[in-house]
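Colleague: Before I ask anything, here is the structure I am working with.
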Amino acid sequence: MSRKIVCLTDADGEIRWFEETDLNNQLAKAEMLPAGALKTMISSFVQDVRNMMDEQQNYFKATHGTPEKARLLEKCKKLEKAVREKCQHIVP
């Protein structure tokens, strides 16, 4: 998945660069999220939840005690943490 970078100029004329996801999260916290960005944020959230659920299914299918199962557990934890963080941005 490619990262989208947004360039903004502040009131002092300083240029600031943001990853689109980070900028949307900051705007959501300030309750200033434009409608188009909301759709992008929701789509990204749904994709993250799908990825998390797919990896959880892989984890439960993996053989107990294998290195693959341990690797999948760590990946599941990271994905779940990312989903929980996004939940905090949407509904603090």
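Letters A, B, ... mark the chains of the structure tokens in the order given; residue numbers begin at 1 per chain; ligand numbers begin at 1, in order shown.
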Quick one: residues within 10 Å of Phe45 (chain A), only C-alpha atoms, excluding same-chain residues fewer than 4 positions away - as a PyMOL selection string?

Modeller: chain A and resi 39-41+49-51+82-83+86-87+90

Colleague: Taking the DSSP secondary structure from the backbone, can you list the residues of region 7-90 of chain A that are helix (DSSP H, G or I), as a PyMOL selection string?

Modeller: chain A and resi 20-29+35-61+67-90

Colleague: Need the shell around Glu55 (chain A): protein/DNA/RNA residues with any atom at most 10 Å away, counting only C-alpha atoms. Skip same-chain ones fewer than 2 positions apart. Format as a ChimeraX atom specification?

Modeller: /A:49-53,57-61,72-73,75-77,79

Colleague: Between CA of Thr21 (chain A) and CA of Gln88 (chain A), measure the distance and give it in Å to one decimal.

Modeller: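 So the answer is 14.0 Å.
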
Colleague: Quick one: DSSP strand (DSSP E) residues in chain A, as a ChimeraX atom specification?

Modeller: /A:5-9,15-19
